[in-house]
Structures are given as C-alpha cells and as structure tokens.
$ cat data-v3.txt   # compact mmCIF, C-alpha atoms
# COMPACT_ATOMS: atom_id res chain seq x y z
CA MET A 1 20.67 -32.71 8.82
CA VAL A 2 23.59 -31.90 6.52
CA THR A 3 26.45 -34.18 5.67
CA THR A 4 29.66 -32.22 5.76
CA ALA A 5 32.65 -33.57 7.66
CA ASP A 6 33.71 -31.29 10.50
CA GLN A 7 35.38 -31.81 13.86
CA PRO A 8 36.24 -35.38 14.83
CA HIS A 9 33.91 -37.10 17.25
CA ARG A 10 35.81 -37.39 20.50
CA LEU A 11 33.89 -40.35 21.95
CA ARG A 12 34.43 -42.26 18.75
CA GLN A 13 38.10 -41.56 18.86
CA THR A 14 38.39 -42.86 22.42
CA ALA A 15 35.99 -45.80 22.02
CA PRO A 16 35.83 -46.63 18.31
CA LYS A 17 34.23 -50.03 18.87
CA LYS A 18 31.37 -48.67 20.91
CA HIS A 19 28.70 -49.74 18.43
CA ASN A 20 25.96 -49.00 20.92
CA HIS A 21 26.39 -45.28 20.59
CA TYR A 22 22.68 -44.65 20.56
CA GLY A 23 22.39 -42.14 23.37
CA PHE A 24 21.64 -38.59 22.31
CA ARG A 25 24.91 -37.29 23.78
CA ASP A 26 26.86 -40.28 22.48
CA PHE A 27 25.74 -39.90 18.89
CA PHE A 28 25.77 -36.10 18.72
CA GLN A 29 28.76 -34.10 19.84
CA PHE A 30 28.01 -30.50 20.67
CA ASN A 31 31.09 -28.37 19.98
CA ARG A 32 30.46 -25.30 22.06
CA GLU A 33 33.59 -23.45 20.97
CA SER A 34 32.70 -23.57 17.29
CA GLY A 35 28.94 -23.79 17.67
CA THR A 36 28.78 -26.93 15.57
CA ILE A 37 27.27 -30.36 16.05
CA THR A 38 29.13 -33.44 14.82
CA ASP A 39 27.66 -36.92 14.79
CA TRP A 40 29.36 -40.26 15.33
CA ASN A 41 29.89 -40.74 11.59
CA GLY A 42 31.66 -37.43 11.18
CA SER A 43 28.78 -35.50 9.67
CA ARG A 44 28.04 -31.98 10.63
CA ASN A 45 24.45 -31.57 11.78
CA ILE A 46 22.21 -28.54 12.02
CA LEU A 47 19.18 -28.19 14.24
CA THR A 48 16.20 -26.68 12.49
CA SER A 49 12.59 -26.11 13.34
CA GLU A 50 9.46 -26.87 11.40
CA ASP A 51 9.62 -23.32 10.05
CA PHE A 52 12.56 -24.37 7.96
CA ILE A 53 10.60 -27.18 6.35
CA ILE A 54 7.59 -24.95 5.77
CA GLY A 55 9.76 -22.19 4.34
CA LEU A 56 11.54 -24.56 2.01
CA LEU A 57 8.45 -26.27 0.69
CA GLU A 58 6.10 -23.34 0.49
CA GLY A 59 8.77 -21.08 -0.90
CA LEU A 60 9.52 -23.59 -3.60
CA GLU A 61 5.86 -24.03 -4.39
CA GLU A 62 5.49 -20.28 -4.74
CA GLU A 63 8.35 -20.19 -7.21
CA VAL A 64 7.62 -23.21 -9.38
CA GLY A 65 4.10 -24.33 -8.48
CA GLU A 66 3.38 -28.03 -8.92
CA ALA A 67 6.90 -28.68 -10.13
CA SER A 68 7.98 -28.37 -6.48
CA ALA A 69 7.15 -32.07 -5.99
CA ALA A 70 9.50 -33.08 -8.80
CA ILE A 71 12.20 -30.76 -7.50
CA MET A 72 11.97 -32.14 -3.97
CA TYR A 73 12.17 -35.65 -5.42
CA SER A 74 15.28 -34.69 -7.40
CA ILE A 75 16.87 -33.18 -4.30
CA GLY A 76 16.12 -36.36 -2.39
CA LEU A 77 17.48 -38.48 -5.25
CA GLU A 78 20.83 -36.71 -5.23
CA TRP A 79 20.92 -36.78 -1.44
CA GLY A 80 20.28 -40.53 -1.44
CA LYS A 81 23.03 -41.15 -3.96
CA GLN A 82 25.57 -39.06 -2.07
CA ASP A 83 24.54 -40.55 1.24
CA SER A 84 24.97 -44.08 -0.03
CA LEU A 85 28.61 -43.32 -0.87
CA PHE A 86 29.09 -41.77 2.55
CA PHE A 87 27.34 -44.72 4.18
CA ASP A 88 29.54 -47.20 2.32
CA LYS A 89 32.59 -45.64 3.94
CA TRP A 90 31.32 -45.26 7.49
CA PHE A 91 29.73 -48.68 7.59
CA GLU A 92 33.00 -50.30 6.63
CA GLN A 93 34.84 -48.16 9.14
CA GLU A 94 32.40 -49.07 11.88
CA PHE A 95 32.11 -52.81 11.30
CA ASP A 96 35.30 -53.70 9.33
CA MET A 97 33.06 -55.20 6.71
CA SER A 98 31.99 -54.22 3.23
CA THR A 99 28.34 -53.30 2.79
CA ARG A 100 28.08 -55.94 0.10
CA ARG A 101 28.88 -58.73 2.54
CA ALA A 102 26.63 -57.61 5.36
CA ASN A 103 23.24 -58.99 6.22
CA LEU A 104 20.77 -56.85 4.32
CA MET A 105 18.33 -56.06 7.12
CA PHE A 106 21.17 -55.20 9.45
CA LEU A 107 22.65 -52.98 6.75
CA LEU A 108 19.42 -51.13 6.11
CA GLU A 109 18.61 -50.59 9.76
CA THR A 110 22.16 -49.33 10.32
CA TRP A 111 21.75 -46.86 7.47
CA TRP A 112 18.41 -45.56 8.64
CA TRP A 113 19.08 -45.37 12.35
CA PRO A 114 20.97 -42.03 12.16
CA PHE A 115 18.04 -40.61 10.22
CA THR A 116 15.73 -41.59 13.04
CA SER A 117 18.02 -39.97 15.58
CA GLN A 118 18.08 -36.82 13.48
CA GLY A 119 14.28 -36.63 13.53
CA TRP A 120 13.42 -37.91 10.07
CA GLY A 121 11.10 -40.58 11.47
CA ARG A 122 11.08 -44.33 12.01
CA TRP A 123 10.75 -46.74 9.17
CA GLU A 124 9.84 -50.31 8.42
CA VAL A 125 11.01 -52.10 5.32
CA ASP A 126 8.54 -54.54 3.81
CA MET A 127 10.33 -56.94 1.51
CA ALA A 128 7.59 -59.52 1.25
CA ASP A 129 7.27 -58.79 -2.49
CA ARG A 130 10.95 -58.54 -3.30
CA LYS A 131 10.78 -61.58 -5.58
CA GLN A 132 8.39 -59.65 -7.77
CA GLY A 133 10.88 -56.81 -7.98
CA PHE A 134 9.35 -54.24 -5.69
CA MET A 135 9.17 -53.44 -2.02
CA PHE A 136 7.39 -51.11 0.33
CA ILE A 137 8.78 -48.79 2.94
CA ASN A 138 6.55 -47.60 5.75
CA LEU A 139 7.51 -44.34 7.38
CA PHE A 140 6.28 -43.18 10.76
CA ASP A 141 6.54 -39.58 11.95
CA SER A 142 7.63 -38.08 8.66
CA ALA A 143 9.20 -34.71 9.45
CA VAL A 144 7.66 -33.19 6.33
CA ALA A 145 4.18 -34.64 6.68
CA ARG A 146 3.77 -33.88 10.36
CA THR A 147 4.95 -30.34 9.75
CA LEU A 148 2.52 -29.68 6.92
CA GLY A 149 -0.36 -31.57 8.47
CA ASP A 150 -3.35 -32.84 6.53
CA VAL A 151 -3.20 -31.10 3.17
CA GLY A 152 -4.95 -33.80 1.19
CA LYS A 153 -2.03 -34.89 -0.96
CA PRO A 154 1.30 -36.75 -0.58
CA VAL A 155 4.09 -34.42 0.46
CA CYS A 156 7.06 -36.63 1.26
CA HIS A 157 8.71 -36.33 -2.15
CA LEU A 158 12.05 -35.66 -0.52
CA TYR A 159 11.87 -39.06 1.17
CA ALA A 160 10.78 -40.78 -2.03
CA GLY A 161 13.81 -39.34 -3.78
CA LEU A 162 16.06 -40.27 -0.88
CA PHE A 163 14.97 -43.90 -0.99
CA ALA A 164 15.24 -44.03 -4.77
CA GLY A 165 18.73 -42.52 -4.74
CA PHE A 166 20.03 -44.69 -1.94
CA PHE A 167 18.66 -47.98 -3.20
CA THR A 168 19.68 -47.21 -6.78
CA GLU A 169 23.29 -46.97 -5.61
CA MET A 170 23.05 -49.98 -3.34
CA VAL A 171 21.33 -52.20 -5.87
CA ARG A 172 23.29 -50.73 -8.81
CA LYS A 173 20.16 -50.52 -10.89
CA GLN A 174 17.97 -47.56 -11.72
CA LEU A 175 15.12 -47.58 -9.22
CA SER A 176 12.32 -45.16 -8.59
CA CYS A 177 10.13 -44.54 -5.64
CA ILE A 178 6.71 -43.05 -5.09
CA GLU A 179 4.72 -42.25 -2.01
CA ILE A 180 1.40 -44.06 -2.24
CA GLN A 181 0.03 -43.15 1.16
CA CYS A 182 0.77 -40.14 3.29
CA TYR A 183 0.11 -38.78 6.77
CA SER A 184 -0.76 -35.54 5.01
CA MET A 185 -3.65 -37.33 3.36
CA GLY A 186 -5.13 -38.27 6.71
CA GLU A 187 -3.42 -41.65 6.99
CA THR A 188 -1.62 -42.76 10.15
CA TYR A 189 1.69 -43.33 8.40
CA CYS A 190 3.37 -42.88 5.04
CA LYS A 191 3.95 -45.69 2.59
CA PHE A 192 6.38 -45.77 -0.29
CA LEU A 193 6.70 -48.13 -3.21
CA LEU A 194 10.21 -48.79 -4.49
CA GLY A 195 10.93 -50.57 -7.74
CA GLY A 196 11.77 -50.21 -11.40
CA LYS A 197 10.67 -47.12 -13.30
CA GLU A 198 7.87 -48.89 -15.20
CA ARG A 199 6.29 -50.20 -12.05
CA ILE A 200 6.49 -46.82 -10.34
CA ASP A 201 5.02 -45.11 -13.39
CA ALA A 202 2.17 -47.63 -13.31
CA ALA A 203 1.56 -46.88 -9.65
CA ALA A 204 1.60 -43.14 -10.37
CA PHE A 205 -0.97 -43.64 -13.09
CA TRP A 206 -3.24 -45.65 -10.79
CA MET A 207 -2.92 -43.02 -8.10
CA ASN A 208 -3.98 -40.33 -10.55
CA GLU A 209 -6.99 -42.47 -11.35
CA GLY A 210 -7.89 -42.48 -7.68
CA ALA A 211 -6.46 -45.81 -6.53
CA THR A 212 -5.66 -46.14 -2.83
CA ALA A 213 -2.46 -47.65 -1.45
CA ARG A 214 -4.33 -50.87 -0.86
CA ASP A 215 -5.57 -50.94 -4.48
CA ILE A 216 -2.05 -50.41 -5.72
CA GLU A 217 -0.67 -53.17 -3.51
CA LYS A 218 -3.33 -55.55 -4.79
CA ARG A 219 -2.67 -54.70 -8.41
CA LEU A 220 1.05 -55.08 -8.08
CA ARG A 221 0.78 -58.40 -6.34
CA SER A 222 -1.56 -59.69 -9.01
CA GLY A 223 0.87 -58.58 -11.70
CA ASP A 224 -1.25 -55.82 -13.21
CA GLN A 225 0.42 -53.62 -15.78
CA VAL A 226 -0.71 -50.37 -17.31
CA GLY A 227 -1.99 -50.56 -20.90
CA MET B 1 -42.14 -73.54 -3.33
CA MET B 2 -39.43 -74.11 -0.70
CA SER B 3 -40.68 -74.94 2.75
CA SER B 4 -39.25 -72.92 5.59
CA THR B 5 -39.99 -75.50 8.25
CA LEU B 6 -37.50 -78.09 9.40
CA ALA B 7 -38.05 -81.73 10.10
CA ASP B 8 -38.11 -82.70 13.78
CA ARG B 9 -34.92 -84.23 15.11
CA ASN B 10 -34.47 -86.84 17.75
CA GLY B 11 -32.78 -85.69 20.88
CA SER B 12 -31.73 -82.12 21.50
CA SER B 13 -32.65 -79.80 18.69
CA HIS B 14 -32.22 -76.49 20.46
CA GLY B 15 -28.96 -75.79 18.67
CA LEU B 16 -30.29 -76.26 15.15
CA ASN B 17 -33.46 -74.27 15.75
CA GLY B 18 -31.51 -71.76 17.91
CA TRP B 19 -29.72 -70.08 15.02
CA LEU B 20 -32.89 -69.72 13.02
CA SER B 21 -34.52 -67.75 15.74
CA LYS B 22 -31.58 -65.37 16.16
CA SER B 23 -31.50 -61.91 14.70
CA VAL B 24 -28.95 -61.27 11.93
CA ARG B 25 -26.85 -59.30 14.39
CA LEU B 26 -26.76 -62.09 16.98
CA PHE B 27 -26.05 -64.64 14.28
CA PHE B 28 -22.92 -62.88 13.09
CA GLU B 29 -21.85 -61.91 16.61
CA ALA B 30 -21.50 -65.58 17.45
CA TYR B 31 -18.62 -66.05 15.02
CA ASN B 32 -15.10 -66.19 16.40
CA TRP B 33 -14.04 -63.15 14.38
CA GLU B 34 -11.02 -62.37 16.52
CA GLY B 35 -9.66 -65.90 16.60
CA GLN B 36 -9.93 -66.29 20.36
CA ILE B 37 -8.98 -69.68 21.72
CA LEU B 38 -12.13 -71.70 22.29
CA THR B 39 -12.58 -74.09 25.19
CA PRO B 40 -12.33 -77.55 23.63
CA VAL B 41 -15.56 -79.52 24.00
CA ALA B 42 -15.73 -83.31 23.97
CA PRO B 43 -17.22 -84.52 20.67
CA GLU B 44 -20.17 -86.24 22.31
CA ASN B 45 -21.22 -82.91 23.80
CA LEU B 46 -21.16 -80.98 20.55
CA ASP B 47 -24.39 -80.25 18.75
CA VAL B 48 -24.84 -79.03 15.19
CA ALA B 49 -24.65 -75.42 16.24
CA ASP B 50 -21.33 -76.02 17.96
CA ILE B 51 -19.93 -77.83 14.94
CA LEU B 52 -21.07 -75.06 12.62
CA GLY B 53 -19.47 -72.54 14.95
CA LEU B 54 -22.77 -70.87 15.66
CA ALA B 55 -22.80 -71.33 19.39
CA GLN B 56 -21.62 -68.55 21.63
CA PRO B 57 -17.81 -68.87 21.72
CA GLN B 58 -16.17 -69.52 25.06
CA THR B 59 -12.68 -68.39 25.80
CA LEU B 60 -9.95 -70.28 27.57
CA GLY B 61 -9.66 -67.31 29.84
CA LEU B 62 -6.92 -66.45 32.24
CA SER B 63 -9.37 -66.18 35.12
CA ILE B 64 -9.93 -69.92 35.40
CA SER B 65 -7.78 -72.06 37.68
CA VAL B 66 -4.65 -73.74 36.39
CA SER B 67 -6.19 -77.18 36.84
CA GLN B 68 -9.29 -76.15 34.89
CA PHE B 69 -7.17 -74.61 32.15
CA PHE B 70 -5.07 -77.71 31.61
CA ALA B 71 -8.02 -80.04 32.11
CA ASN B 72 -9.58 -78.54 28.99
CA PHE B 73 -6.85 -79.85 26.74
CA PRO B 74 -7.67 -83.11 24.91
CA TRP B 75 -4.53 -84.83 26.20
CA GLU B 76 -5.70 -88.35 25.35
CA GLY B 77 -7.53 -87.96 22.07
CA SER B 78 -7.24 -86.00 18.85
CA PRO B 79 -7.79 -82.25 19.13
CA VAL B 80 -11.34 -80.94 18.73
CA ILE B 81 -10.26 -78.07 16.54
CA ALA B 82 -8.43 -78.65 13.30
CA ALA B 83 -4.69 -78.62 13.59
CA PRO B 84 -3.29 -75.56 11.85
CA ILE B 85 -1.38 -76.14 8.64
CA ALA B 86 2.28 -75.57 9.35
CA PRO B 87 3.37 -72.52 7.35
CA LEU B 88 6.57 -74.11 6.07
CA GLU B 89 6.79 -71.82 3.08
CA ILE B 90 6.39 -68.71 5.18
CA GLN B 91 9.15 -69.84 7.50
CA ALA B 92 11.40 -70.41 4.54
CA GLU B 93 10.58 -66.87 3.40
CA VAL B 94 11.53 -65.48 6.79
CA ALA B 95 14.77 -67.43 6.74
CA ASP B 96 15.52 -66.07 3.26
CA GLU B 97 14.90 -62.48 4.25
CA SER B 98 16.95 -62.75 7.40
CA SER B 99 19.97 -64.12 5.56
CA LEU B 100 19.72 -61.88 2.51
CA THR B 101 22.77 -59.92 1.42
CA LEU B 102 22.90 -56.82 -0.73
CA ASP B 103 24.10 -58.73 -3.78
CA ALA B 104 21.28 -61.26 -3.54
CA PHE B 105 18.81 -58.45 -2.99
CA SER B 106 20.12 -56.61 -6.05
CA GLU B 107 19.38 -59.64 -8.24
CA LEU B 108 15.69 -59.31 -7.49
CA PHE B 109 15.26 -56.00 -9.32
$ encode --input "data-v3.txt" --output "structure tokens"
Amino acid sequence: MVTTADQPHRLRQTAPKKHNHYGFRDFFQFNRESGTITDWNGSRNILTSEDFIIGLLEGLEEEVGEASAAIMYSIGLEWGKQDSLFFDKWFEQEFDMSTRRANLMFLLETWWWPFTSQGWGRWEVDMADRKQGFMFINLFDSAVARTLGDVGKPVCHLYAGLFAGFFTEMVRKQLSCIEIQCYSMGETYCKFLLGGKERIDAAAFWMNEGATARDIEKRLRSGDQVG
Amino acid sequence: MMSSTLADRNGSSHGLNGWLSKSVRLFFEAYNWEGQILTPVAPENLDVADILGLAQPQTLGLSISVSQFFANFPWEGSPVIAAPIAPLEIQAEVADESSLTLDAFSELF
C-alpha cells in the first residue's frame, strides 16, 4: 500500500525482462528476515485489513466532520502526483521506453495493474468522450466502498484524488476528478468523471441538485454548462 | 367520428386483424426487443404483420440442423432484413483510441 523503496526484488534482479510477473509470489516478495514486503517495482507494501480503512475514515470524520471528504481527496491528489513520478521511472526501467512514447491504453493498464494486485480494485477507462475534454473511469471492488458498505453517499474521495493527481501529472494540465456514482450508494460499481476544474465543478453542482450519474453523462455529452 | 372498423382485404387478412385483437401486453411482447436473429422469410410469404414486425419472432436457433440453418440464408437474392449500416466512424474511433499516445491524449484537455 505504501511506496517506499526497500529491499531489492530478487526475482526481478535475476529475470529483469520477465514482464509477466503477475503471480502473487512473483509480484510480491515476502522478506521474512526483516518482516517486509517488496513488490516488483521496488515499493514497500503493507498488508492491512478493513479495520484500517474504517479507522482512517471514521477517525477523520470524527475530527473534521464533512471536511473529511476534501481531506481524503487532497491525500489522494498528492499520492497520485507522487505515484506518477514513481511510475515514470519504473515504466521506463521495465520497458526501456519513455511513458510519453508508449501506447496510452497500455500505459494506463500498466500503471493500474499493481493497484489491482494490491487490492484497490479493477478499473475500466472510458475515453469515448475524450474529444470533449473529459473521460470516465469505472471502478469495480473499491476497497473503501466495499469496506464501508451502503452509506448512501459517495465515499471514494481518495480514489478521485488519486486519479486527479496522476492524470494531472501525466497530461501536464490541472485536472480534477469527482465520483459520480458509488457502490456505497447502492450501485454495482463506482464511476468517476475526470476533466478540467470547471467541468468537475459543474458535475458537483448537478450532483448536489440530485442528478444521477446518467443525468450527468447526458448533460456533459450535450455540452451543458452551469449558469 | 373515426371508424374503428377496417376494410376487408383480399387474401389472407389474419395478420392485419391479428394485432388488433391482441392485448397490449402481447402486442409489445412480439417485438424483437433483444435483437435476436430472425429466421429469414421469403418475401412472398410475408404478410403485413410480418413486415411491421408484429408477428411472433422466430429465432435461428442452435437446435436446428446444419442444413436447415444454412438453408434459411437468402443466398440467391437480396437479404430480407435491412443490411446494417457499417459503423465506419466508430471503427475509426476505436483505431484512434488504440493508437493514442500520452502526448496526443494531453492535447484533448
């Protein structure tokens, strides 16, 4: 879960071109002597339970109330930015190719795959509307949402921040992200909208007015603006 | 005042009168909502109900024999159903997305 370089990954050292390192024991190296877990990309990982997520979120909510959503978003934002720099390095190390030259879908799936293996959930990037300057990200098995269950409101602010931070660095433009549909609202998966700040603010406004994800999609595609 | 009766037709009229006598539920059930492949019918055997899509849909099921399956294709003439419009634009979109790089993607925001 954390990204701090630790012990080198032995399998990677012996077979550095083994791109198909997707097995649990291939990707994660369990260092019994030190009690640490290192992944293929040199990150230190920590195993946590759902109690950690509950403790973090509920503790934060107790301290700052509704501002906890904004704080989680900010944490995610910084995480996304830092991770994009880390990703830049390990992608180039892995494939001898700059991220800027790679096929976009391949790049994105390569970035997200470790998150899936770490238990953050599976995703699906929907770029059908990219020419209008926004895109959707569908997330399945959100660690936060499935932990909290149906609470009647979006809870994956950490993810929204993560996506905003990562894509802002990748695209080199200030982007924002908002969750417009959440498992914790009774939906089957979570949906995020990524785009410029104005568009995200518009979506946030519509959500406050009671718009569903579908309503928001429709409005964005028809070019609706607030005001 | 509009008359609710229909003029008599020559020949078979069961199809045209058939839909009028159906309940609303049966009427809408007859539509091919799920886009199942229909068994092509020779034009001379179609009645108005068939043309309007009101007849009970038949499926080119997997339980029929191979010879029956292939016999149902209009090999000689033009197809009974309308040929789908080739989604050229969509394919171009797919090609674009699959060959997109980060720099090109960045330009879109």
$ interface_residues --input "data-v3.txt" --of "chain B" --to "chain A" --cutoff "7 Å" --atoms "all atoms listed in the file" --output "list in words"
Ser98, Ser99, Leu100, Thr101, Leu102, Asp103, Ser106, Leu108 and Phe109 of chain B
$ atom_distance --input "data-v3.txt" --atom1 "CA of Asp96 (chain A)" --atom2 "CA of Arg25 (chain A)"
24.2 Å
$ atom_distance --input "data-v3.txt" --atom1 "CA of Leu57 (chain A)" --atom2 "CA of Gly119 (chain A)"
17.5 Å
$ atom_distance --input "data-v3.txt" --atom1 "CA of Trp120 (chain A)" --atom2 "CA of Leu148 (chain A)"
14.0 Å
$ axis_aligned_box --input "data-v3.txt" --around "region 71-77 of chain A" --padding-each-side "6 Å" --output "AutoDock Vina command-line options"
--center_x 14.7 --center_y -34.6 --center_z -4.9 --size_x 17.5 --size_y 19.7 --size_z 17.1
$ residues_near_point --input "data-v3.txt" --point "(21.2, -43.0, 10.7)" --cutoff "12 Å" --atoms "all atoms listed in the file" --output "MDAnalysis selection string"
chainID A and resid 1 3 21:22 27:28 39:43 45 83:84 86:87 90:91 107:123
$ residues_around --input "data-v3.txt" --residues "Ala164 (chain A)" --least-positions-apart "4" --cutoff "10 Å" --atoms "all atoms listed in the file" --output "count of residues only"
23
$ residues_near_point --input "data-v3.txt" --point "(3.7, -42.8, 11.2)" --cutoff "6 Å" --atoms "all atoms listed in the file" --output "list in words"
Leu139, Phe140, Asp141, Thr188 and Tyr189 of chain A
$ closest_residue --input "data-v3.txt" --among "A:Gly55, A:Gly152, A:Gly165, A:Gly223" --to "Gln82 (chain A)" --atoms "only C-alpha atoms"
A:Gly165
$ closest_residue --input "data-v3.txt" --among "A:Val125, A:Ile180, A:Val151, A:Leu162" --to "Ala204 (chain A)" --atoms "all atoms listed in the file"
A:Ile180
$ closest_residue --input "data-v3.txt" --among "A:Leu60, A:Ile54, A:Ile200, A:Ile71" --to "His157 (chain A)" --atoms "only C-alpha atoms"
A:Ile71
